[in-house]
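Novice: The following file, coords.csv, comprises CSV, C-alpha atoms:
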chain,number,residue,atom,x,y,z
A,151,LEU,CA,0.0,0.0,0.0
A,152,GLN,CA,1.1,3.6,-0.6
A,153,SER,CA,0.6,4.3,3.1
A,154,ASP,CA,3.2,1.6,4.0
A,155,SER,CA,6.1,4.0,3.3
A,156,LYS,CA,4.9,6.3,6.0
A,157,ALA,CA,4.5,3.6,8.6
A,158,SER,CA,7.1,2.8,11.1
A,159,ILE,CA,9.1,-0.4,10.9
A,160,THR,CA,8.9,-3.0,13.6
A,161,ILE,CA,11.3,-5.9,13.8
A,162,ASP,CA,11.1,-8.9,16.1
A,163,ALA,CA,14.0,-11.4,16.4
A,164,ASN,CA,15.7,-13.7,18.9
A,165,LYS,CA,18.8,-11.5,19.0
A,166,MET,CA,20.1,-8.2,17.7
A,167,THR,CA,23.5,-6.6,17.4
A,168,TYR,CA,24.0,-3.0,16.5
A,169,SER,CA,27.3,-1.4,15.4
A,170,GLU,CA,27.6,2.3,16.0
A,171,LYS,CA,30.4,2.8,13.6
A,172,ASN,CA,28.4,1.8,10.5
A,173,SER,CA,24.9,2.1,11.8
A,174,ILE,CA,24.1,-1.5,11.0
A,175,ASN,CA,21.6,-3.7,13.0
A,176,VAL,CA,21.9,-7.4,12.5
A,177,PHE,CA,18.9,-9.5,13.6
A,178,SER,CA,19.0,-13.2,13.8
A,179,GLY,CA,16.5,-16.0,14.7
A,180,ASN,CA,12.8,-16.0,13.6
A,181,VAL,CA,13.1,-12.5,12.1
A,182,LEU,CA,9.9,-10.7,11.4
A,183,LEU,CA,9.8,-7.2,9.8
A,184,THR,CA,6.5,-5.4,9.5
A,185,ARG,CA,5.8,-2.0,8.0
A,186,GLY,CA,2.1,-1.3,7.5
A,187,SER,CA,0.8,-4.1,5.3
A,188,LEU,CA,4.4,-5.2,4.4
A,189,ILE,CA,5.6,-8.4,6.1
A,190,ILE,CA,9.0,-10.0,5.6
A,191,ARG,CA,10.2,-13.2,7.4
A,192,GLY,CA,13.6,-14.8,7.4
A,193,ASP,CA,16.4,-16.2,9.5
A,194,LYS,CA,18.7,-13.2,9.4
A,195,LEU,CA,18.1,-9.5,8.7
A,196,THR,CA,20.8,-6.9,8.1
A,197,LEU,CA,19.4,-3.4,8.4
A,198,THR,CA,21.4,-0.4,7.3
A,199,GLN,CA,20.4,3.0,8.4
A,200,ARG,CA,21.4,5.6,5.8
A,201,PRO,CA,22.4,9.1,6.7
A,202,ASP,CA,19.3,10.4,4.9
A,203,GLY,CA,17.1,8.4,7.3
A,204,THR,CA,16.0,5.7,4.9
A,205,GLN,CA,16.7,2.0,5.4
A,206,PHE,CA,18.1,-0.8,3.4
A,207,ALA,CA,17.2,-4.3,4.6
A,208,LYS,CA,18.6,-7.6,3.4
A,209,VAL,CA,16.8,-10.7,4.6
A,210,GLU,CA,18.2,-14.2,4.2
A,211,GLY,CA,16.1,-17.3,4.8
A,212,SER,CA,15.3,-20.8,3.5
A,213,PRO,CA,13.5,-19.2,1.9
A,214,ALA,CA,12.8,-15.6,3.0
A,215,LYS,CA,9.2,-14.6,2.5
A,216,PHE,CA,7.5,-11.4,1.6
A,217,ARG,CA,3.9,-10.3,1.7
A,218,GLN,CA,2.3,-6.9,0.9
A,219,GLN,CA,-1.2,-5.6,0.1
A,220,ARG,CA,-1.5,-3.7,-3.2
A,221,ASP,CA,-3.7,-0.6,-3.7
A,222,SER,CA,-6.8,-1.7,-5.7
A,223,GLY,CA,-8.9,1.4,-5.9
A,224,ASN,CA,-12.0,-0.7,-5.3
A,225,SER,CA,-13.1,-3.3,-2.8
A,226,ASP,CA,-10.9,-6.1,-4.2
A,227,VAL,CA,-8.1,-7.2,-1.9
A,228,LEU,CA,-4.9,-7.5,-4.0
A,229,MET,CA,-2.0,-9.2,-2.4
A,230,ILE,CA,1.5,-9.9,-3.6
A,231,ASN,CA,3.5,-12.8,-2.0
A,232,GLY,CA,7.1,-13.4,-2.8
A,233,SER,CA,10.0,-15.7,-1.7
A,234,GLY,CA,13.6,-16.2,-2.4
A,235,ASN,CA,16.8,-17.2,-0.6
A,236,THR,CA,17.5,-13.5,-0.3
A,237,ILE,CA,15.1,-10.5,-0.2
A,238,GLU,CA,16.5,-7.0,-0.4
A,239,PHE,CA,14.2,-4.1,0.5
A,240,ASP,CA,15.3,-0.6,-0.3
A,241,GLY,CA,13.2,2.0,1.5
A,242,LYS,CA,14.6,4.8,-0.6
A,243,THR,CA,13.7,3.5,-4.1
A,244,ALA,CA,10.8,1.4,-2.8
A,245,THR,CA,12.1,-1.7,-4.6
A,246,VAL,CA,12.2,-5.3,-3.5
A,247,THR,CA,14.7,-7.7,-5.0
A,248,PHE,CA,14.2,-11.4,-4.7
A,249,SER,CA,17.1,-13.6,-5.6
A,250,GLY,CA,17.8,-17.3,-5.4
A,251,LYS,CA,14.7,-19.4,-6.5
A,252,ALA,CA,12.8,-16.2,-6.7
A,253,ASN,CA,9.0,-16.5,-6.9
A,254,ILE,CA,6.2,-14.0,-6.9
A,255,GLN,CA,2.4,-14.7,-6.7
A,256,LYS,CA,-0.3,-12.1,-7.1
A,257,THR,CA,-3.8,-12.8,-5.8
A,258,THR,CA,-7.1,-11.0,-6.0
A,259,ASN,CA,-9.5,-11.7,-3.1
A,260,GLY,CA,-7.4,-14.8,-2.4
A,261,ASP,CA,-7.5,-16.2,-6.0
A,262,LEU,CA,-4.1,-16.7,-7.7
A,263,THR,CA,-4.0,-14.4,-10.7
A,264,GLU,CA,-0.3,-14.3,-11.6
A,265,GLU,CA,2.8,-16.3,-10.7
A,266,ILE,CA,6.3,-15.5,-11.9
A,267,SER,CA,9.6,-17.3,-11.1
A,268,GLY,CA,13.2,-16.9,-12.1
A,269,SER,CA,16.6,-16.6,-10.5
A,270,LYS,CA,16.1,-12.9,-9.7
A,271,ILE,CA,13.0,-10.7,-9.6
A,272,VAL,CA,13.0,-6.9,-9.0
A,273,TYR,CA,9.6,-5.5,-7.9
A,274,GLU,CA,9.1,-1.7,-7.9
A,275,GLN,CA,6.4,-1.1,-5.3
A,276,ASN,CA,5.3,2.3,-6.5
A,277,THR,CA,4.9,1.4,-10.2
A,278,GLU,CA,4.3,-2.3,-9.6
A,279,PHE,CA,6.9,-2.9,-12.4
A,280,LEU,CA,8.5,-6.3,-12.4
A,281,SER,CA,11.7,-7.3,-14.1
A,282,VAL,CA,12.7,-11.0,-14.0
A,283,THR,CA,16.0,-12.7,-14.7
A,284,GLY,CA,15.7,-16.3,-15.8
A,285,SER,CA,17.1,-19.4,-14.3
A,286,THR,CA,18.6,-22.3,-16.1
A,287,ALA,CA,15.9,-24.2,-17.9
A,288,ASP,CA,14.7,-27.6,-16.6
A,289,ASN,CA,16.0,-29.3,-19.8
A,290,GLY,CA,19.5,-28.1,-18.9
A,291,SER,CA,19.9,-25.6,-21.8
A,292,ASN,CA,22.1,-22.7,-21.0
A,293,THR,CA,19.6,-20.1,-22.1
A,294,PRO,CA,18.1,-18.6,-18.9
A,295,ARG,CA,14.4,-19.0,-18.9
A,296,VAL,CA,11.6,-17.0,-17.1
A,297,GLN,CA,8.3,-18.6,-16.3
A,298,ALA,CA,5.1,-16.6,-15.9
A,299,VAL,CA,1.6,-17.9,-15.4
A,300,ILE,CA,-1.3,-15.4,-15.9
A,301,LYS,CA,-4.7,-16.7,-15.0
A,302,PRO,CA,-7.7,-15.5,-17.1
A,303,ARG,CA,-10.0,-13.1,-15.3
A,304,LYS,CA,-13.1,-14.7,-14.0
A,305,GLU,CA,-16.4,-13.9,-16.0
B,169,MET,CA,16.4,-66.1,76.9
B,170,ARG,CA,15.1,-64.6,80.2
B,171,ALA,CA,18.6,-65.0,81.7
B,172,PHE,CA,20.1,-63.1,78.7
B,173,PHE,CA,17.7,-60.1,79.2
B,174,SER,CA,18.3,-60.0,82.9
B,175,LEU,CA,22.0,-59.9,82.2
B,176,ILE,CA,21.6,-57.0,79.7
B,177,SER,CA,19.3,-55.0,81.9
B,178,GLN,CA,22.1,-54.8,84.5
B,179,PHE,CA,24.2,-52.8,82.0
B,180,VAL,CA,21.4,-50.4,80.9
B,181,PRO,CA,22.1,-47.7,83.6
B,182,LEU,CA,25.9,-47.8,82.8
B,183,ILE,CA,25.1,-47.3,79.0
B,184,VAL,CA,22.7,-44.4,79.8
B,185,THR,CA,25.3,-42.7,81.9
B,186,PHE,CA,27.9,-42.9,79.2
B,187,VAL,CA,25.5,-41.5,76.6
B,188,LEU,CA,24.5,-38.6,78.8
B,189,ALA,CA,28.2,-37.8,79.6
B,190,GLY,CA,29.1,-37.8,75.9
B,191,ALA,CA,26.2,-35.6,75.0
B,192,SER,CA,27.0,-33.0,77.7
B,193,TYR,CA,30.7,-33.0,76.6
B,194,TRP,CA,29.6,-32.4,72.9
B,195,LEU,CA,27.3,-29.5,74.0
B,196,ALA,CA,30.0,-27.9,76.0
B,197,ALA,CA,32.4,-28.1,73.1
B,198,GLN,CA,29.9,-26.5,70.8
B,199,SER,CA,29.1,-23.6,73.1
B,200,GLU,CA,32.9,-22.9,73.5
B,201,ILE,CA,33.3,-22.7,69.8
B,202,ASP,CA,30.3,-20.3,69.6
B,203,LEU,CA,31.8,-18.3,72.5
B,204,PHE,CA,35.0,-17.6,70.6
B,205,GLY,CA,33.2,-17.4,67.3
B,206,LEU,CA,35.6,-19.9,65.7
B,207,SER,CA,33.0,-21.5,63.4
B,208,LYS,CA,31.1,-18.4,62.6
B,209,LYS,CA,31.8,-17.3,58.9
B,210,ALA,CA,32.4,-13.5,58.5
B,211,ASP,CA,28.8,-12.0,58.2
B,212,SER,CA,28.5,-10.2,54.9
B,213,THR,CA,25.8,-7.9,56.4
B,214,THR,CA,28.1,-6.3,59.0
B,215,ILE,CA,29.7,-3.1,58.1
B,216,ASP,CA,33.0,-1.7,59.4
B,217,SER,CA,32.7,1.9,58.1
B,218,TYR,CA,30.4,4.3,56.3
B,219,ILE,CA,30.6,7.6,54.4
B,220,ASN,CA,27.9,10.1,54.1
B,221,GLN,CA,27.7,12.2,50.9
B,222,PHE,CA,29.9,9.6,49.2
B,223,ASN,CA,31.9,11.0,46.2
B,224,LEU,CA,34.5,9.0,44.4
B,225,GLN,CA,36.3,10.4,41.4
B,226,SER,CA,38.9,8.5,39.4
B,227,LYS,CA,41.0,8.8,36.3
B,228,ASP,CA,42.0,5.8,34.2
B,229,PHE,CA,45.2,7.0,32.4
B,230,LYS,CA,45.4,3.8,30.3
B,231,ASN,CA,41.9,4.2,28.8
B,232,ASN,CA,41.9,8.0,29.3
B,233,THR,CA,38.5,8.0,31.0
B,234,VAL,CA,37.3,10.0,34.0
B,235,SER,CA,34.7,8.3,36.3
B,236,MET,CA,32.6,9.6,39.1
B,237,LEU,CA,30.5,7.7,41.6
B,238,GLN,CA,28.3,9.6,44.1
B,239,GLY,CA,25.7,8.5,46.7
B,240,GLN,CA,23.9,9.7,49.7
B,241,ARG,CA,25.5,7.1,52.0
B,242,ALA,CA,28.1,4.3,51.3
B,243,GLU,CA,28.6,1.4,53.8
B,244,HIS,CA,31.6,-0.8,53.5
B,245,HIS,CA,31.1,-4.6,54.0
B,246,PRO,CA,34.6,-6.1,54.8
B,247,ALA,CA,33.4,-9.7,54.2
B,248,ASN,CA,33.3,-9.2,50.4
B,249,ASP,CA,35.0,-5.7,50.3
B,250,THR,CA,31.9,-4.1,48.8
B,251,TRP,CA,30.5,-0.6,49.2
B,252,VAL,CA,26.7,-0.5,49.3
B,253,ILE,CA,25.7,2.9,48.1
B,254,SER,CA,22.2,4.5,48.4
B,255,THR,CA,20.7,6.7,45.6
B,256,PRO,CA,23.9,6.4,43.5
B,257,ARG,CA,24.8,8.6,40.5
B,258,ILE,CA,27.5,7.6,38.1
B,259,GLN,CA,29.2,9.6,35.4
B,260,ARG,CA,31.9,8.5,33.0
B,261,VAL,CA,33.6,10.6,30.3
B,262,GLN,CA,35.8,9.1,27.6
B,263,ALA,CA,38.5,10.7,25.5
B,264,ASP,CA,36.5,10.2,22.3
B,265,GLY,CA,33.6,12.2,23.7
B,266,GLY,CA,31.7,9.0,24.9
B,267,LEU,CA,29.6,9.7,27.9
B,268,LEU,CA,27.8,7.5,30.4
B,269,THR,CA,25.5,8.8,33.1
B,270,GLY,CA,23.3,6.7,35.3
B,271,GLN,CA,21.2,6.5,38.5
B,272,ALA,CA,19.4,3.8,40.5
B,273,ASP,CA,18.0,3.1,44.0
B,274,GLN,CA,21.1,1.2,45.1
B,275,ALA,CA,24.6,0.4,43.8
B,276,LEU,CA,27.3,-2.1,44.8
B,277,TYR,CA,30.8,-1.0,44.2
B,278,MET,CA,33.6,-3.6,44.2
B,279,PRO,CA,37.0,-1.9,44.1
B,280,LYS,CA,38.9,-5.1,43.5
B,281,THR,CA,37.1,-5.9,40.2
B,282,ASP,CA,36.4,-2.2,39.4
B,283,ARG,CA,32.7,-3.1,38.9
B,284,ILE,CA,29.6,-1.3,39.8
B,285,ASP,CA,26.2,-3.1,40.0
B,286,LEU,CA,23.2,-0.8,39.8
B,287,ASN,CA,19.9,-2.2,41.3
B,288,GLN,CA,16.2,-1.1,41.1
B,289,ASN,CA,15.0,1.7,38.8
B,290,VAL,CA,18.2,1.8,36.8
B,291,ARG,CA,18.3,4.5,34.2
B,292,ILE,CA,21.4,4.9,31.9
B,293,HIS,CA,22.1,7.6,29.4
B,294,SER,CA,25.0,6.8,27.1
B,295,VAL,CA,26.4,8.8,24.2
B,296,SER,CA,28.7,6.9,21.8
B,297,GLY,CA,29.7,8.1,18.4
B,298,GLY,CA,27.5,11.1,19.0
B,299,VAL,CA,24.4,8.9,19.2
B,300,PRO,CA,22.5,8.9,22.5
B,301,THR,CA,21.1,5.7,23.9
B,302,ASP,CA,18.8,5.6,27.0
B,303,ILE,CA,18.2,2.3,28.9
B,304,GLU,CA,15.8,1.3,31.7
B,305,THR,CA,16.1,-1.9,33.6
B,306,ALA,CA,16.0,-3.5,37.0
B,307,HIS,CA,19.7,-4.4,37.3
B,308,LEU,CA,22.8,-3.4,35.4
B,309,GLU,CA,26.5,-4.3,35.6
B,310,ILE,CA,29.1,-1.7,34.7
B,311,ASP,CA,32.5,-3.3,34.2
B,312,GLN,CA,34.9,-0.4,34.1
B,313,SER,CA,37.9,-2.6,33.2
B,314,LYS,CA,36.2,-4.0,30.1
B,315,ASN,CA,34.3,-0.7,29.5
B,316,THR,CA,31.0,-2.7,29.1
B,317,VAL,CA,27.5,-2.2,30.4
B,318,SER,CA,25.3,-5.3,30.6
B,319,THR,CA,22.2,-6.8,32.0
B,320,ARG,CA,20.4,-10.2,31.9
B,321,PHE,CA,17.2,-8.5,33.0
B,322,PRO,CA,14.4,-7.3,30.7
B,323,VAL,CA,15.5,-3.9,29.3
B,324,LYS,CA,13.8,-1.0,27.4
B,325,GLY,CA,16.0,1.2,25.3
B,326,SER,CA,15.6,4.1,23.0
B,327,ARG,CA,17.8,6.0,20.5
B,328,PRO,CA,16.8,8.7,18.0
B,329,GLY,CA,14.0,7.3,15.9
B,330,GLN,CA,14.2,3.8,17.5
B,331,THR,CA,12.9,2.1,20.6
B,332,PHE,CA,13.7,-1.5,21.5
B,333,THR,CA,12.9,-4.1,24.2
B,334,ALA,CA,14.9,-7.3,24.9
B,335,ASN,CA,15.6,-9.8,27.7
B,336,GLY,CA,19.1,-8.6,28.1
B,337,VAL,CA,21.7,-6.4,26.5
B,338,VAL,CA,25.5,-5.9,26.4
B,339,MET,CA,26.8,-2.4,25.4
B,340,ASN,CA,30.5,-2.1,24.6
B,341,GLN,CA,31.4,1.6,25.3
B,342,THR,CA,34.7,1.3,23.4
B,343,THR,CA,33.3,0.0,20.0
B,344,GLY,CA,29.7,1.3,20.5
B,345,GLU,CA,28.4,-2.2,19.7
B,346,ILE,CA,25.1,-3.2,21.3
B,347,GLU,CA,24.0,-6.8,21.5
B,348,THR,CA,20.6,-7.8,22.8
B,349,GLN,CA,19.7,-11.1,24.2
B,350,GLY,CA,16.4,-13.0,24.2
B,351,ASN,CA,13.3,-11.9,22.3
B,352,THR,CA,14.1,-8.6,20.8
B,353,ASN,CA,11.6,-6.1,19.4
B,354,ILE,CA,12.7,-2.9,17.7
B,355,ARG,CA,10.5,-0.1,16.3
B,356,ILE,CA,12.0,2.3,13.8
B,357,GLU,CA,10.0,5.4,13.2
B,358,ALA,CA,9.2,6.3,9.6
B,359,LYS,CA,11.2,9.2,8.1
B,360,PRO,CA,9.0,12.3,8.5
Would you put the structure from the file into structure tokens?
Specialist:
Amino acid sequence: LQSDSKASITIDANKMTYSEKNSINVFSGNVLLTRGSLIIRGDKLTLTQRPDGTQFAKVEGSPAKFRQQRDSGNSDVLMINGSGNTIEFDGKTATVTFSGKANIQKTTNGDLTEEISGSKIVYEQNTEFLSVTGSTADNGSNTPRVQAVIKPRKE
Amino acid sequence: MRAFFSLISQFVPLIVTFVLAGASYWLAAQSEIDLFGLSKKADSTTIDSYINQFNLQSKDFKNNTVSMLQGQRAEHHPANDTWVISTPRIQRVQADGGLLTGQADQALYMPKTDRIDLNQNVRIHSVSGGVPTDIETAHLEIDQSKNTVSTRFPVKGSRPGQTFTANGVVMNQTTGEIETQGNTNIRIEAKP
């Protein structure tokens, strides 16, 4: 949601270390980051506080998971769920980068409408623009492949 | 069988006499020990001196830090060489501008280990690298030789734009590193 960028970030974890010198918080163990409708889960989270006050978060997991509600402009509930071995969230550019078995699913009122997978997916939250880098095809050919499944809209 | 019991019964008075004599000797020995306090361990609650308006200032030339410990009253317990200080205030200034101030209901100061334990309503204000951190907890250990502040008690902390809670924390005043223990929750306010 657009309002997410104005919400505060809350992080829960088993442990945190903070380094003064480089303003980096490292959270480990059952990490849960929430910001408005945005939820990211993983095993380890490295949060960098930039001088301009924005944050850059790198979440590692097996896999790390992402979930956020999208603005719909009507009563539909649009959600985007993502996963990857690493999820990078840049608060300044409002982009989320999934890498390592990256997968994104879009749902409308709970129904899957779109699913995309590849080795790396960059999702721009403000424009909802997605760019996907393929992963090696199942048949072993060296040409990276992208897979997208778009469900027809219900009548 | 009857003859055997009649024989034994003749010795009963003699046995009883010996038992009573032994018991009374043991009691006498015990009271003598108590009299001279030979078995009594040094009682850690006894004090041998006290200071009102306690004020201790020290300079650590190696680490180039100046420390101050004040309190309304300080009582010295010789058993464990500990000063028990009421309404303590601490202050510590480092060469790099690092600052640590704190207060509590009570403090224990152990000169041998250069350690201060703060107890009940502990409030610490620390500035490291120009960033202030405030901490509230029920118990805190300040190890001046290691330049660390730590607790294993639930702790609430706040820094500019951040608040956190945890089940314990260790703050290294030299490196500015903070490590929380146990379930940690941190809230980072959105950029205005």
Novice: Once you count only C-alpha atoms, which residues of chain B turn out to be within 10 Å of chain A? Could you give them as a VMD selection string?
Specialist: chain B and resid 296 to 299 329 to 340 343 to 360
Novice: Env of B:Ile258: 7 Å cut, atoms = only C-alpha atoms, seq-sep filter 5 positions within chain, self excluded. Answer as a PDB file with C-alpha atoms, keeping the file's coordinate frame.
Specialist:
ATOM      1  CA  MET B 236      32.600   9.600  39.100  1.00  0.00           C
ATOM      2  CA  LEU B 237      30.500   7.700  41.600  1.00  0.00           C
ATOM      3  CA  GLN B 238      28.300   9.600  44.100  1.00  0.00           C
ATOM      4  CA  THR B 269      25.500   8.800  33.100  1.00  0.00           C
ATOM      5  CA  GLY B 270      23.300   6.700  35.300  1.00  0.00           C
ATOM      6  CA  GLN B 271      21.200   6.500  38.500  1.00  0.00           C
TER       7      GLN B 271
END
Novice: Would you work out the distance separating atom CA of B:Ser235 from atom CA of B:Asn248, expressed in Å to one decimal?
Specialist: 22.5 Å
Novice: Between B:Ala263, B:Leu286, B:Ile292, B:Ile176, which residue has the minimum interatomic distance to B:Phe229, considering all atoms listed in the file?
Specialist: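 The answer is B:Ala263, which sits nearest to B:Phe229.
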Novice: Grab the atom CA of A:Glu238 to atom CA of B:Lys324 distance for me, in Å with one decimal place.
Specialist: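 Spanning atom CA of A:Glu238 to atom CA of B:Lys324 is a straight-line distance of 28.6 Å.
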Novice: For the atom pair atom CA of A:Ile266 and atom CA of A:Leu228, what is the interatomic distance in Å to one decimal place?
Specialist: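 Atom-to-atom, atom CA of A:Ile266 to atom CA of A:Leu228, that is 15.9 Å.
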Novice: Which of these, A:Gly250, A:Thr198, A:Thr245, A:Phe239, has the shortest distance to A:Ser212 once you count all atoms listed in the file?
Specialist: A:Gly250
